[in-house]
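Heads up: the structure comes next, in C-alpha cells.
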Amino acid sequence: MKLTYISDIDKDMKRLDKFISSKITDLSRGQIQQLIKKGSVLLNGKAQTDCSYKLFDKDEIEISYDLKSDFPSISIEAEEIPLNIIYEDDYIIVLNKQAGITVHPAIGSYSGTLVNALMNHTNGNLADKNKADFRPGIVHRIDKETSGLLVIAKTNEALINLQKQFEHHSIHRVYTAICFGKPKEESGRIETLIGKSYKNPQKQSIIRDTGYLTQKQKVKNFKNAITNYELKALYEWGSSASNSAISVINCKLETGRTHQIRVHLTSIGMPIIGDKLYGNSEKRIKSITNLELREEMQKIERQMLHAKELGFIHPITNEKLFFTSNLPDDMQDFINFLKKM
C-alpha cells in the first residue's frame, strides 16, 4: 500500500511520526516509527528515517507498507497465569498487575509475562497481535516489581485512541510509594528532563536545568517529566535525621517516563523502600537504629510502589472511566507495622 499526504500541520502535529499517525488509523504509532526507521517513508521524494523530524507546511509525505510483510506474526505462547481483572468489555481490559510479573516478553525472556496470560485469557484477541515487538494489547507499562492498574487494548482502534490520550497527558494516574525520609514540603511538583543514564544503561538520570546545555546531542534523548506529590502519612522515630522517617507519598503523573517516580523521588532525597536500583536500600536499612523496624524492612522483597488510580476516556464509547486499587498486602502490612511503632 502506498499513501501520499501534503502536510497541513498544527503545533501538535509537527513531528513526522505524529503526523502520519493522525492520518493512518490501522497502524499504531510504534508501527509507523518502525516504517520510518527502515526507510519506508519519503519526505519530498527522499527517505526520512528520523521519527521526530519537524515538518513544514506543504511537505509531501509518501509512505509505503504491507501489513503482512512489514509486520509478520510473532509467536507468543498463551499461558495460564492468574489475572486480577476489574473491568472488561469488547475493546479494553483494566487489571491489577501483581508485583513480580513482567508486562511483556522480550528477547531472551519469552514466557511468564502479563502478555502470555492475556493471550490465554482473550484467545489471542489483542490489539496489534501481528506486531513484531512482543507487546500485543499493551498501551502502557509499569515496572516488573511495581503493582497496580493497567489498561489493555483488545482492538487496534482502542489501542491507537488510548495511546493518543497518553501522548496528550490526559490520562489520570496516581501511584502510592513508601519512601525513606520526609519531604521538605507536604506537597510539591518535580519537573525535570529524564533520559537514559550515560554511566549505567539500566538507570534513568535527570537534568533539572537545561539552560547551560548547548550541545543538542547531550539532551536529544531526554524528555520532560512532571510528577506532583503529596504526603499522605509520616512515621518518625528517634532523632530528626533523614533515616529516622518513612513517608507514604501519592504521586500524580503528568507524564509517564521510564522509572519517572523512582528517579524523581530519589532526586529529592526520598528513594522508594525496596528499590535496589535507585534506593540504596541495604545501606539505608543497616543505618536504622530501631532493630525491630530494621528486621521488618529486611523482609521487603520489592520496591514499595503501587499504581493506585487510573482514569481515562473509553476509546470507543467516550465514557469517562475511573478505577482505584487497594494497596497490596505487602505494602499495607508494612504500613500497619509502622502505625504500631
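Residues in the C-alpha cells are named by chain (A, B, ... in the order shown) and by number from 1 within that chain; ligands are numbered from 1 in the order shown.
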
Members of segment 79-236 of chain A assigned helix (DSSP H, G or I) by DSSP, as a VMD selection string: chain A and resid 114 to 121 156 to 167 216 to 219

Could you write out the selected residues, including C-alpha atoms, as a tab-separated table (two decimals), in the first residue's frame?
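Below is the file that was written, result.tsv:
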```
chain	number	residue	atom	x	y	z
A	114	LEU	CA	1.35	-10.48	31.54
A	115	VAL	CA	1.03	-10.71	27.75
A	116	ASN	CA	1.34	-14.51	27.90
A	117	ALA	CA	-1.51	-14.53	30.41
A	118	LEU	CA	-3.61	-12.13	28.30
A	119	MET	CA	-3.10	-14.21	25.16
A	120	ASN	CA	-4.61	-17.12	27.08
A	121	HIS	CA	-7.46	-15.09	28.57
A	156	ASN	CA	-6.25	-1.60	17.18
A	157	GLU	CA	-8.80	1.22	17.24
A	158	ALA	CA	-8.83	1.16	21.03
A	159	LEU	CA	-5.04	0.95	21.18
A	160	ILE	CA	-4.45	3.95	18.94
A	161	ASN	CA	-7.04	6.07	20.80
A	162	LEU	CA	-5.58	5.24	24.21
A	163	GLN	CA	-2.02	5.86	23.02
A	164	LYS	CA	-3.07	9.32	21.90
A	165	GLN	CA	-4.61	10.01	25.31
A	166	PHE	CA	-1.28	9.11	26.89
A	167	GLU	CA	0.59	11.29	24.39
A	216	LYS	CA	21.88	19.09	21.44
A	217	GLN	CA	23.25	15.58	21.31
A	218	LYS	CA	23.56	15.62	25.11
A	219	VAL	CA	19.84	16.06	25.67
```

Quick one: pull the distance between atom CA of Leu310 of chain A and atom CA of Gly269 of chain A, Å, one decimal.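 Atom CA of Gly269 of chain A lies at a distance of 26.7 Å from atom CA of Leu310 of chain A.
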
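Candidate residues A:Thr266, A:Thr113, A:Thr289, A:Gln34 were compared for distance to Pro82 of chain A, and the nearest is A:Thr113, using only C-alpha atoms.
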
Nearest residue to Cys179 of chain A from the set A:Asp17, A:Asp330, A:Asp275, A:Glu301 (distances using only C-alpha atoms):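 Of all the options, A:Asp275 lies closest to Cys179 of chain A.
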
Out of A:Pro201, A:Gly256, A:Gly311, A:Pro183, which residue has the shortest atom-to-atom distance to Ile268 of chain A when counting only C-alpha atoms? A:Pro183

Excluding Ser247 of chain A and its own-chain neighbours fewer than 5 positions away, which residues fall within 6 Å of it when counting only C-alpha atoms? Please give them as a list in words. Ile178, Cys179, Lys182, Ala233 and Leu234 of chain A

How would the residues just chosen look if you wrote them out with N, CA, C and O atoms as a tab-separated table (two decimals), in the first residue's frame?
```tsv
chain	number	residue	atom	x	y	z
A	178	ILE	N	6.02	4.13	49.27
A	178	ILE	CA	6.52	4.19	50.64
A	178	ILE	C	8.01	4.48	50.56
A	178	ILE	O	8.76	3.70	49.95
A	179	CYS	N	8.43	5.59	51.14
A	179	CYS	CA	9.77	6.12	50.90
A	179	CYS	C	10.57	6.32	52.18
A	179	CYS	O	10.00	6.53	53.26
A	182	LYS	N	11.50	12.23	54.67
A	182	LYS	CA	10.28	13.03	54.61
A	182	LYS	C	10.52	14.23	53.71
A	182	LYS	O	11.63	14.76	53.63
A	233	ALA	N	1.09	10.17	54.74
A	233	ALA	CA	1.36	9.73	56.11
A	233	ALA	C	2.85	9.82	56.38
A	233	ALA	O	3.67	9.61	55.48
A	234	LEU	N	3.18	10.14	57.64
A	234	LEU	CA	4.59	10.27	58.04
A	234	LEU	C	4.81	9.51	59.33
A	234	LEU	O	4.05	9.66	60.29
```

Using only C-alpha atoms, tabulate the residues of segment 116-209 of chain A lying at most 6 Å from any atom of segment 89-101 of chain A, each with its closest atom pair and that distance in Å to one decimal, by chain and increasing residue number, as CSV.
```
residue,atom,partner,partner_atom,distance
A:Lys144,CA,A:Ile101,CA,5.3
A:Glu145,CA,A:Ala99,CA,4.7
A:Thr146,CA,A:Ala99,CA,5.2
A:Ser147,CA,A:Ala99,CA,4.6
A:Gly148,CA,A:Asn96,CA,4.8
A:Leu149,CA,A:Asn96,CA,4.7
A:Leu150,CA,A:Leu95,CA,5.6
A:Val151,CA,A:Val94,CA,4.5
A:Ile152,CA,A:Ile93,CA,5.0
A:Ala153,CA,A:Ile92,CA,4.6
A:Lys154,CA,A:Tyr91,CA,4.9
A:Thr155,CA,A:Tyr91,CA,5.8
```

Residues of the last selection are to be written out with N, CA, C and O atoms, as a PDB file, in the first residue's frame.
```
ATOM      1  N   LYS A 144       8.372  -4.319  36.531  1.00  0.00           N
ATOM      2  CA  LYS A 144       8.123  -5.678  36.992  1.00  0.00           C
ATOM      3  C   LYS A 144       7.769  -5.709  38.472  1.00  0.00           C
ATOM      4  O   LYS A 144       6.832  -6.393  38.886  1.00  0.00           O
ATOM      5  N   GLU A 145       8.498  -4.971  39.307  1.00  0.00           N
ATOM      6  CA  GLU A 145       8.288  -5.015  40.754  1.00  0.00           C
ATOM      7  C   GLU A 145       7.282  -3.980  41.250  1.00  0.00           C
ATOM      8  O   GLU A 145       7.096  -3.822  42.452  1.00  0.00           O
ATOM      9  N   THR A 146       6.645  -3.265  40.333  1.00  0.00           N
ATOM     10  CA  THR A 146       5.569  -2.340  40.694  1.00  0.00           C
ATOM     11  C   THR A 146       4.235  -3.047  40.486  1.00  0.00           C
ATOM     12  O   THR A 146       4.059  -3.780  39.514  1.00  0.00           O
ATOM     13  N   SER A 147       3.308  -2.837  41.389  1.00  0.00           N
ATOM     14  CA  SER A 147       1.975  -3.431  41.270  1.00  0.00           C
ATOM     15  C   SER A 147       0.972  -2.359  40.857  1.00  0.00           C
ATOM     16  O   SER A 147       1.259  -1.170  40.907  1.00  0.00           O
ATOM     17  N   GLY A 148      -0.222  -2.812  40.451  1.00  0.00           N
ATOM     18  CA  GLY A 148      -1.292  -1.856  40.238  1.00  0.00           C
ATOM     19  C   GLY A 148      -1.949  -1.874  38.881  1.00  0.00           C
ATOM     20  O   GLY A 148      -1.850  -2.842  38.118  1.00  0.00           O
ATOM     21  N   LEU A 149      -2.638  -0.799  38.563  1.00  0.00           N
ATOM     22  CA  LEU A 149      -3.596  -0.725  37.466  1.00  0.00           C
ATOM     23  C   LEU A 149      -2.947  -0.522  36.100  1.00  0.00           C
ATOM     24  O   LEU A 149      -2.050   0.307  35.937  1.00  0.00           O
ATOM     25  N   LEU A 150      -3.447  -1.285  35.136  1.00  0.00           N
ATOM     26  CA  LEU A 150      -3.051  -1.160  33.737  1.00  0.00           C
ATOM     27  C   LEU A 150      -4.295  -1.278  32.864  1.00  0.00           C
ATOM     28  O   LEU A 150      -5.214  -2.023  33.193  1.00  0.00           O
ATOM     29  N   VAL A 151      -4.297  -0.559  31.734  1.00  0.00           N
ATOM     30  CA  VAL A 151      -5.354  -0.741  30.743  1.00  0.00           C
ATOM     31  C   VAL A 151      -4.749  -1.446  29.537  1.00  0.00           C
ATOM     32  O   VAL A 151      -3.651  -1.127  29.091  1.00  0.00           O
ATOM     33  N   ILE A 152      -5.475  -2.421  29.020  1.00  0.00           N
ATOM     34  CA  ILE A 152      -5.043  -3.237  27.890  1.00  0.00           C
ATOM     35  C   ILE A 152      -6.036  -3.038  26.748  1.00  0.00           C
ATOM     36  O   ILE A 152      -7.246  -2.947  26.976  1.00  0.00           O
ATOM     37  N   ALA A 153      -5.538  -2.992  25.512  1.00  0.00           N
ATOM     38  CA  ALA A 153      -6.409  -2.802  24.347  1.00  0.00           C
ATOM     39  C   ALA A 153      -6.612  -4.120  23.614  1.00  0.00           C
ATOM     40  O   ALA A 153      -5.658  -4.839  23.316  1.00  0.00           O
ATOM     41  N   LYS A 154      -7.860  -4.418  23.309  1.00  0.00           N
ATOM     42  CA  LYS A 154      -8.174  -5.625  22.542  1.00  0.00           C
ATOM     43  C   LYS A 154      -8.179  -5.353  21.038  1.00  0.00           C
ATOM     44  O   LYS A 154      -7.944  -6.270  20.244  1.00  0.00           O
ATOM     45  N   THR A 155      -8.498  -4.126  20.639  1.00  0.00           N
ATOM     46  CA  THR A 155      -8.576  -3.800  19.214  1.00  0.00           C
ATOM     47  C   THR A 155      -7.583  -2.695  18.884  1.00  0.00           C
ATOM     48  O   THR A 155      -7.205  -1.889  19.744  1.00  0.00           O
TER      49      THR A 155
END
```

What's around Gln298 of chain A at 10 Å? Count only C-alpha atoms, leave out sequence neighbours fewer than 3 positions away in its own chain, and write the answer as a list in words.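 My reading of the contact set: Gly274, Ser281, Glu282, Ile285, Lys286, Leu293, Arg294, Glu295 and Glu301 of chain A.
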
Can you write just those residues out, C-alpha atoms, as a PDB file, in the first residue's frame?
```
ATOM      1  CA  GLY A 274      12.965  -1.756  48.374  1.00  0.00           C
ATOM      2  CA  SER A 281      18.119   0.194  50.371  1.00  0.00           C
ATOM      3  CA  GLU A 282      20.549  -2.194  52.065  1.00  0.00           C
ATOM      4  CA  ILE A 285      18.354  -0.165  56.271  1.00  0.00           C
ATOM      5  CA  LYS A 286      21.598  -1.026  58.071  1.00  0.00           C
ATOM      6  CA  LEU A 293      11.982  -1.850  62.151  1.00  0.00           C
ATOM      7  CA  ARG A 294      15.269  -2.889  60.570  1.00  0.00           C
ATOM      8  CA  GLU A 295      14.253  -6.560  60.717  1.00  0.00           C
ATOM      9  CA  GLU A 301      11.410  -8.046  48.521  1.00  0.00           C
TER      10      GLU A 301
END
```

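Ranking A:Ser267, A:Ser325, A:Gln48, A:Gln303 by their shortest atom-to-atom distance to Leu193 of chain A, with only C-alpha atoms included, puts A:Ser267 first.
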
Test item, strand (DSSP E or B) assignment across segment 131-338 of chain A, answer as number ranges by chain: A: 138, 147-153, 172-180, 187-196, 204-207, 223-236, 245-253, 272, 305-313, 320-324

Mind dumping the selected residues with C-alpha atoms as a compact mmCIF listing (two decimals), in the first residue's frame?
```txt
# COMPACT_ATOMS: atom_id res chain seq x y z
CA ILE A 138 -0.03 -3.07 25.69
CA SER A 147 1.98 -3.43 41.27
CA GLY A 148 -1.29 -1.86 40.24
CA LEU A 149 -3.60 -0.72 37.47
CA LEU A 150 -3.05 -1.16 33.74
CA VAL A 151 -5.35 -0.74 30.74
CA ILE A 152 -5.04 -3.24 27.89
CA ALA A 153 -6.41 -2.80 24.35
CA HIS A 172 -5.28 10.29 35.25
CA ARG A 173 -2.64 8.24 37.08
CA VAL A 174 -1.83 8.22 40.78
CA TYR A 175 0.75 5.97 42.43
CA THR A 176 1.39 5.32 46.11
CA ALA A 177 5.00 4.99 47.25
CA ILE A 178 6.52 4.19 50.64
CA CYS A 179 9.77 6.12 50.90
CA PHE A 180 12.75 6.77 53.11
CA SER A 187 3.14 18.66 48.54
CA GLY A 188 5.11 19.75 45.54
CA ARG A 189 5.91 19.45 41.87
CA ILE A 190 9.04 17.86 40.42
CA GLU A 191 9.83 18.85 36.84
CA THR A 192 13.00 17.69 35.11
CA LEU A 193 14.24 16.10 31.94
CA ILE A 194 14.64 12.34 32.14
CA GLY A 195 16.72 10.11 29.90
CA LYS A 196 18.93 7.06 29.94
CA GLN A 204 17.49 6.81 34.12
CA SER A 205 19.03 10.14 35.04
CA ILE A 206 17.67 13.67 35.27
CA ILE A 207 18.62 17.15 34.13
CA LYS A 223 12.21 14.18 27.73
CA ASN A 224 10.28 16.48 30.01
CA ALA A 225 8.93 14.71 33.10
CA ILE A 226 6.50 16.07 35.71
CA THR A 227 5.48 14.43 38.97
CA ASN A 228 3.15 16.03 41.53
CA TYR A 229 3.49 14.55 45.00
CA GLU A 230 1.51 14.74 48.23
CA LEU A 231 2.43 13.42 51.68
CA LYS A 232 -0.28 11.06 52.93
CA ALA A 233 1.36 9.73 56.11
CA LEU A 234 4.59 10.27 58.04
CA TYR A 235 6.19 7.92 60.55
CA GLU A 236 9.14 9.19 62.60
CA ALA A 245 11.47 8.85 58.99
CA ILE A 246 9.35 6.96 56.49
CA SER A 247 6.74 8.65 54.29
CA VAL A 248 3.74 7.40 52.36
CA ILE A 249 3.53 9.55 49.23
CA ASN A 250 0.92 9.83 46.49
CA CYS A 251 2.37 10.76 43.11
CA LYS A 252 0.17 12.10 40.33
CA LEU A 253 1.82 11.87 36.93
CA ILE A 272 11.41 4.22 47.47
CA LEU A 305 5.28 1.32 44.62
CA HIS A 306 1.67 0.75 43.54
CA ALA A 307 -0.42 2.18 40.67
CA LYS A 308 -3.45 3.19 42.73
CA GLU A 309 -5.70 5.24 40.42
CA LEU A 310 -6.33 5.17 36.67
CA GLY A 311 -8.78 7.33 34.74
CA PHE A 312 -9.33 7.81 31.02
CA ILE A 313 -11.95 8.23 28.30
CA LYS A 320 -15.32 8.62 31.47
CA LEU A 321 -13.82 5.68 33.37
CA PHE A 322 -12.11 5.80 36.76
CA PHE A 323 -10.61 2.91 38.69
CA THR A 324 -8.97 2.56 42.09
```

Record the distance separating atom CA of Leu3 of chain A and atom CA of Asp59 of chain A, expressed in Å with one decimal.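 About the pair atom CA of Leu3 of chain A and atom CA of Asp59 of chain A: they are 13.9 Å apart.
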
Name the residues in contact with Asn44 of chain A at a cut-off of 10 Å, using only C-alpha atoms, excluding same-chain residues fewer than 3 positions from it; report them as a ChimeraX atom specification. /A:6,41,47-48,58-62

Can you pull out every residue within 12 Å of Lys18 of chain A, counting only C-alpha atoms, but drop anything in the same chain fewer than 3 positions away, and send it as a ChimeraX atom specification? /A:7,9-15,21-25,27-33,36,50-55,160,163-164,167-168
